[in-house]
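J.: To start, I am sharing the structure in question, which I have written as structure tokens.
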Amino acid sequence: MRVRPLFAMALTVALTSCGAPDSASTDSLVLADAHELGGYNPVAGYGAAGEAKVYDGLLRLTGGAGVPGFAPALATALPTPDAEATVWTAPLRPDVRFSDGSAFDAADVVATYRAILDPASASEVRSSFSMIDRVEAPDPLTVRFTLRHPYAAFGTKLLIGIVPSEAVAKPGPATESPLNSAPIGTGPYRLTRLEPARAIFEANESYWGGAPSVKQLTVLYVPDDNTRAQRMASGELDGTSLPPLLAATFGDRMPVQANTSADWRGVSMPEGDPVAGDPAVRLAMNYAVDRQAMIDNILGGYGRPAYTPLADVYGESHNPAVTFAFDRARAEQILDSAGWQAGADGVRAKDGVRAQFTVMYNSTDTLRRDLALAFASDARRVGIEVDLEALSWDRIEPRIAQAGILLGGGSEPYDPDTQTYNTLHSPLLDPSAGSPYDNASRHADPAIDAQLETARRSTDPAVRAAAYRKVQSLYAEAPSHVFLVHLDHTYVVKESSWTMSGPILEPHAHGVTWGPWWSLQTWTR
């Protein structure tokens, strides 16, 4: 749960000997990321929160404190709804070209969204766009979206990148598209080289928004946290993302930036498991976990307790009355009352079933590992045995419904709807329409569903906020997960003379497309 002492000593030596190399004289950056390179296809879900450097959406995010707003990008103005808020019309920017030289127009917007919604694409984000009934182009510079129902958060669906219509003319799985390795977008950067461990992006000198001052961005794939830290300390990198405690070992030698996020970590409690699916066990575990100790000892103070997916950044939609105080005695009382009695070895049992279940976590993520260890330790103290398994995602996915997962969430956090709906709504009747990690506990609650539907269909902010507060109240009565923490994302950055924009509320899928680099194309000296 802490940085290994030998590595910390080695890192101190490296920092002392290398210092923080100055990159002020170069117009290129080298960054290291923990995420695999490639998969640059918006139809498959890439850049759904607007972070793609090679694509533009119709809208872009604006910075600042709290939940960011939206500004036009490929659209020339924010879309306007009709009286029922079911038809949204957006005017498009003229004289924009894709990186292959072809012209952008409304047909490309129509083709992109139709491809996302096409079952043949097998897009993991298809369910997130399910409110769209049809997309049409009244003329080359106008696009019209007709929705199945009013949807107040529609701006969040206009951040995803637009691709040329020719690139999606042939239906097929989005994961097999050439766009994954050879993206074609209108964005400020172009991918010029892709290798398994290195991607090189060059500035788009004819970008409609003006050529970026940072002319080259090299992203290295370095999945191991300690290796990224070592390469950062050696002066090889201009920046990287690191877990909080590891970032803190850099001290004042290099700047450590912590950005507020809507990203959460928690444990799914699968409905089908006789232990994790028991309502009493789920409720008890929410009182049994010491969230503040996790924040202090694992996050180094960079975070806040999480009880539901909605943090206080969501203002009136956040329900501050919904908390689970750390109360081990109360957790034990809940388990006792439900018939889970302690055995000779301290592990409880009920009707011959031992209070034992499995929690999986991604083997390359040290933060998830440490949170999983803390969760298992807290569970054992109230008589529940949690077996931990460190696995790759391809081995975790087939077992989502059978075992718990140390999850992360908040992939599109720019409205309460996109922060809560997929996590708390009852499982889809058609699982292929969304991500397999949506509602990983597979728990169904019609009352919560009804409030989520009210909130997403209403255009009245007060009605929406009241519905989300009710969602949290209902959830607290019968929780389906054990949410643990909302993270701050931590980055180590080499000193430079660049003038950067301020931070922005970050989603779950962070890394070097976020942090100080989320608005790289706007940097100046």
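Chain labels A, B, ... are given in the sequence in which chains occur in the structure tokens; within each chain residues are numbered consecutively from 1, and ligands are likewise numbered from 1 in the order shown.
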Excluding Pro255 in chain A and its own-chain neighbours fewer than 4 positions away, which residues fall within 10 Å of it when counting only C-alpha atoms? Please give them as number ranges by chain.
T.: A: 20, 239, 247-248, 250-251, 491-495
J.: So which residues touch Ala478 in chain A within 10 Å, counting only C-alpha atoms, skipping near sequence neighbours fewer than 4 positions away, as a ChimeraX atom specification?
T.: /A:279-280,282-283,445,473-474
J.: Please produce a file of those selected residues containing C-alpha atoms, as a PDB file, in the first residue's frame.
T.:
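Final file, part_26.pdb:
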```
ATOM      1  CA  PRO A 279     -28.493  -6.829   0.521  1.00  0.00           C
ATOM      2  CA  ALA A 280     -27.280  -7.060   4.123  1.00  0.00           C
ATOM      3  CA  ARG A 282     -23.765  -4.890   0.599  1.00  0.00           C
ATOM      4  CA  LEU A 283     -25.110  -2.473   3.202  1.00  0.00           C
ATOM      5  CA  ASP A 445     -34.145  -1.232  -8.910  1.00  0.00           C
ATOM      6  CA  SER A 473     -31.592   8.468  -1.203  1.00  0.00           C
ATOM      7  CA  LEU A 474     -33.030   5.301  -2.748  1.00  0.00           C
TER       8      LEU A 474
END
```
J.: Give the strand (DSSP E or B) residues of range 260-484 of chain A, as DSSP finds them on the backbone, and put them as JSON, numbers by chain.
T.: {"A": [260, 261, 262, 263, 264, 265, 266, 267, 268, 303, 304, 305, 341, 342, 348, 349, 350, 353, 354, 356, 357, 358, 359, 360, 361, 362, 385, 386, 387, 388, 389, 390, 391, 404, 405, 406, 407, 408, 409, 481, 482, 483, 484]}
J.: When you count only C-alpha atoms, which of these residues is closest to Leu428 in chain A: A:Val482, A:Asp108, A:Arg442, A:Ala262?
T.: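 Residue with the minimum atom-to-atom distance to Leu428 in chain A: A:Arg442.
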J.: For Val168 in chain A, find every residue with an atom within 10 Å (counting only C-alpha atoms), except residues of its own chain fewer than 4 positions away, and show them as a list in words.
T.: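 These residues fall inside the cut-off: Val43, Asp108, Ala111, Thr112, Arg114, Ala115, Ile116, Ser121, Val163, Pro164, Gly172, Ala174, Ser177, Pro178 and Leu179 of chain A.
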J.: Do a neighbour search on range 148-159 of chain A at 9 Å with only C-alpha atoms, toss out local chain neighbours closer than 6 positions, and write the hits as a short mmCIF file (atom, residue, chain, number, x, y, z; two decimals) with N, CA and C atoms, in the first residue's frame.
T.:
```cif
data_model
loop_
_atom_site.label_atom_id
_atom_site.label_comp_id
_atom_site.auth_asym_id
_atom_site.auth_seq_id
_atom_site.Cartn_x
_atom_site.Cartn_y
_atom_site.Cartn_z
N GLY A 47 -12.38 9.00 -27.30
CA GLY A 47 -12.56 10.44 -27.17
C GLY A 47 -13.98 10.89 -26.93
N ALA A 48 -14.80 10.05 -26.30
CA ALA A 48 -16.22 10.41 -26.11
C ALA A 48 -16.39 11.62 -25.21
N ALA A 49 -15.40 11.90 -24.37
CA ALA A 49 -15.49 13.07 -23.49
C ALA A 49 -14.81 14.29 -24.09
N GLY A 50 -14.40 14.20 -25.36
CA GLY A 50 -13.88 15.36 -26.05
C GLY A 50 -12.39 15.57 -25.93
N GLU A 51 -11.65 14.54 -25.51
CA GLU A 51 -10.22 14.71 -25.26
C GLU A 51 -9.32 14.36 -26.44
N ASP A 56 -12.19 16.54 -33.80
CA ASP A 56 -13.05 17.55 -33.19
C ASP A 56 -14.46 16.98 -33.12
N GLY A 57 -15.19 17.38 -32.08
CA GLY A 57 -16.62 17.14 -32.03
C GLY A 57 -17.36 18.38 -32.49
N LEU A 58 -18.67 18.30 -32.50
CA LEU A 58 -19.44 19.51 -32.80
C LEU A 58 -19.23 20.55 -31.71
N LEU A 59 -19.05 20.08 -30.48
CA LEU A 59 -18.80 20.97 -29.35
C LEU A 59 -17.47 20.59 -28.70
N ARG A 60 -16.97 21.50 -27.87
CA ARG A 60 -15.78 21.24 -27.06
C ARG A 60 -16.06 21.70 -25.64
N LEU A 61 -15.24 21.24 -24.72
CA LEU A 61 -15.39 21.63 -23.32
C LEU A 61 -14.71 22.97 -23.06
N PHE A 70 -19.95 24.05 -22.43
CA PHE A 70 -19.69 23.66 -23.82
C PHE A 70 -19.55 24.90 -24.68
N ALA A 73 -17.37 23.91 -31.65
CA ALA A 73 -16.12 23.44 -32.28
C ALA A 73 -16.40 23.30 -33.78
N LEU A 78 -23.95 26.77 -30.39
CA LEU A 78 -24.57 25.68 -29.63
C LEU A 78 -25.86 25.26 -30.32
N PRO A 79 -26.18 23.98 -30.32
CA PRO A 79 -27.39 23.52 -31.01
C PRO A 79 -28.64 24.10 -30.35
N GLU A 84 -40.21 21.04 -27.72
CA GLU A 84 -40.26 19.82 -26.93
C GLU A 84 -38.88 19.28 -26.57
N ALA A 85 -37.83 19.94 -27.06
CA ALA A 85 -36.44 19.51 -26.84
C ALA A 85 -36.18 18.11 -27.38
N THR A 86 -36.87 17.78 -28.47
CA THR A 86 -36.62 16.49 -29.12
C THR A 86 -35.97 16.63 -30.49
N VAL A 87 -35.92 17.83 -31.01
CA VAL A 87 -35.24 18.09 -32.29
C VAL A 87 -34.19 19.18 -32.05
N TRP A 88 -32.94 18.85 -32.31
CA TRP A 88 -31.83 19.77 -32.07
C TRP A 88 -31.13 20.04 -33.40
N SER A 128 -25.02 4.81 -24.88
CA SER A 128 -24.94 6.20 -24.43
C SER A 128 -25.61 7.16 -25.42
N PHE A 129 -25.84 6.70 -26.64
CA PHE A 129 -26.46 7.53 -27.66
C PHE A 129 -27.86 7.02 -28.01
N SER A 130 -28.43 6.21 -27.14
CA SER A 130 -29.70 5.55 -27.45
C SER A 130 -30.87 6.52 -27.56
N MET A 131 -30.71 7.73 -27.03
CA MET A 131 -31.79 8.72 -27.13
C MET A 131 -31.93 9.27 -28.54
N ILE A 132 -30.95 9.05 -29.42
CA ILE A 132 -30.99 9.57 -30.79
C ILE A 132 -31.80 8.62 -31.67
N ASP A 133 -32.85 9.16 -32.27
CA ASP A 133 -33.68 8.37 -33.18
C ASP A 133 -33.12 8.43 -34.59
N ARG A 134 -32.78 9.64 -35.06
CA ARG A 134 -32.21 9.77 -36.40
C ARG A 134 -31.39 11.06 -36.50
N GLU A 412 -17.88 9.95 -18.72
CA GLU A 412 -18.42 11.14 -19.39
C GLU A 412 -19.11 12.01 -18.33
N PRO A 413 -18.32 12.67 -17.49
CA PRO A 413 -18.90 13.23 -16.26
C PRO A 413 -19.44 14.65 -16.36
N TYR A 414 -19.85 15.08 -17.57
CA TYR A 414 -20.18 16.49 -17.72
C TYR A 414 -21.66 16.80 -17.61
N ASP A 415 -22.36 15.86 -17.00
CA ASP A 415 -23.76 16.04 -16.61
C ASP A 415 -24.08 14.92 -15.63
N PRO A 416 -24.95 15.14 -14.65
CA PRO A 416 -25.31 14.05 -13.73
C PRO A 416 -25.84 12.80 -14.44
N ASP A 417 -26.50 12.98 -15.59
CA ASP A 417 -27.03 11.83 -16.31
C ASP A 417 -25.91 10.89 -16.74
N THR A 418 -24.89 11.45 -17.37
CA THR A 418 -23.81 10.60 -17.87
C THR A 418 -22.93 10.08 -16.74
N ALA A 455 -35.13 12.35 -14.63
CA ALA A 455 -34.05 13.33 -14.66
C ALA A 455 -33.51 13.54 -16.06
N ARG A 456 -33.38 12.46 -16.83
CA ARG A 456 -32.79 12.63 -18.16
C ARG A 456 -33.79 13.19 -19.17
N ARG A 457 -35.09 13.04 -18.91
CA ARG A 457 -36.10 13.51 -19.87
C ARG A 457 -36.61 14.92 -19.56
N SER A 458 -36.38 15.41 -18.36
CA SER A 458 -36.87 16.73 -18.00
C SER A 458 -35.89 17.81 -18.45
N THR A 459 -36.42 18.95 -18.85
CA THR A 459 -35.58 20.09 -19.19
C THR A 459 -35.60 21.15 -18.09
N ASP A 460 -36.28 20.85 -16.99
CA ASP A 460 -36.35 21.76 -15.85
C ASP A 460 -35.21 21.42 -14.88
N PRO A 461 -34.24 22.32 -14.67
CA PRO A 461 -33.10 22.01 -13.80
C PRO A 461 -33.52 21.62 -12.39
N ARG A 464 -34.80 18.03 -12.43
CA ARG A 464 -33.67 17.11 -12.62
C ARG A 464 -32.89 16.95 -11.31
#
```
J.: Check range 430-471 of chain A with DSSP on the backbone and list each residue it calls alpha helix (DSSP H), as a VMD selection string.
T.: chain A and resid 446 to 457 461 to 471
J.: For those residues, write C-alpha atoms to a file as a PDB file, in the first residue's frame.
T.:
```
ATOM      1  CA  PRO A 446     -37.310   0.030 -10.676  1.00  0.00           C
ATOM      2  CA  ALA A 447     -37.624   2.998  -8.311  1.00  0.00           C
ATOM      3  CA  ILE A 448     -34.135   4.216  -9.155  1.00  0.00           C
ATOM      4  CA  ASP A 449     -34.805   3.584 -12.837  1.00  0.00           C
ATOM      5  CA  ALA A 450     -37.908   5.784 -12.696  1.00  0.00           C
ATOM      6  CA  GLN A 451     -36.012   8.693 -11.140  1.00  0.00           C
ATOM      7  CA  LEU A 452     -33.149   8.372 -13.616  1.00  0.00           C
ATOM      8  CA  GLU A 453     -35.617   8.484 -16.499  1.00  0.00           C
ATOM      9  CA  THR A 454     -37.367  11.539 -15.034  1.00  0.00           C
ATOM     10  CA  ALA A 455     -34.051  13.330 -14.660  1.00  0.00           C
ATOM     11  CA  ARG A 456     -32.794  12.626 -18.163  1.00  0.00           C
ATOM     12  CA  ARG A 457     -36.103  13.509 -19.868  1.00  0.00           C
ATOM     13  CA  PRO A 461     -33.098  22.009 -13.797  1.00  0.00           C
ATOM     14  CA  ALA A 462     -35.003  21.920 -10.502  1.00  0.00           C
ATOM     15  CA  VAL A 463     -36.881  18.750 -11.472  1.00  0.00           C
ATOM     16  CA  ARG A 464     -33.674  17.108 -12.615  1.00  0.00           C
ATOM     17  CA  ALA A 465     -31.790  17.992  -9.429  1.00  0.00           C
ATOM     18  CA  ALA A 466     -34.614  16.711  -7.210  1.00  0.00           C
ATOM     19  CA  ALA A 467     -34.703  13.416  -9.122  1.00  0.00           C
ATOM     20  CA  TYR A 468     -30.953  12.896  -8.705  1.00  0.00           C
ATOM     21  CA  ARG A 469     -31.140  13.627  -4.988  1.00  0.00           C
ATOM     22  CA  LYS A 470     -33.924  11.027  -4.764  1.00  0.00           C
ATOM     23  CA  VAL A 471     -31.807   8.522  -6.707  1.00  0.00           C
TER      24      VAL A 471
END
```
J.: For Pro274 in chain A, which residue out of A:Lys170, A:Arg304, A:Arg228, A:Arg354 is the nearest one, using only C-alpha atoms?
T.: A:Arg354
J.: If you measure from CA of Thr89 in chain A to CA of Asn422 in chain A, what distance in Å do you get, rounded to one decimal?
T.: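 So the two atoms, CA of Thr89 in chain A and CA of Asn422 in chain A, lie 26.1 Å apart.
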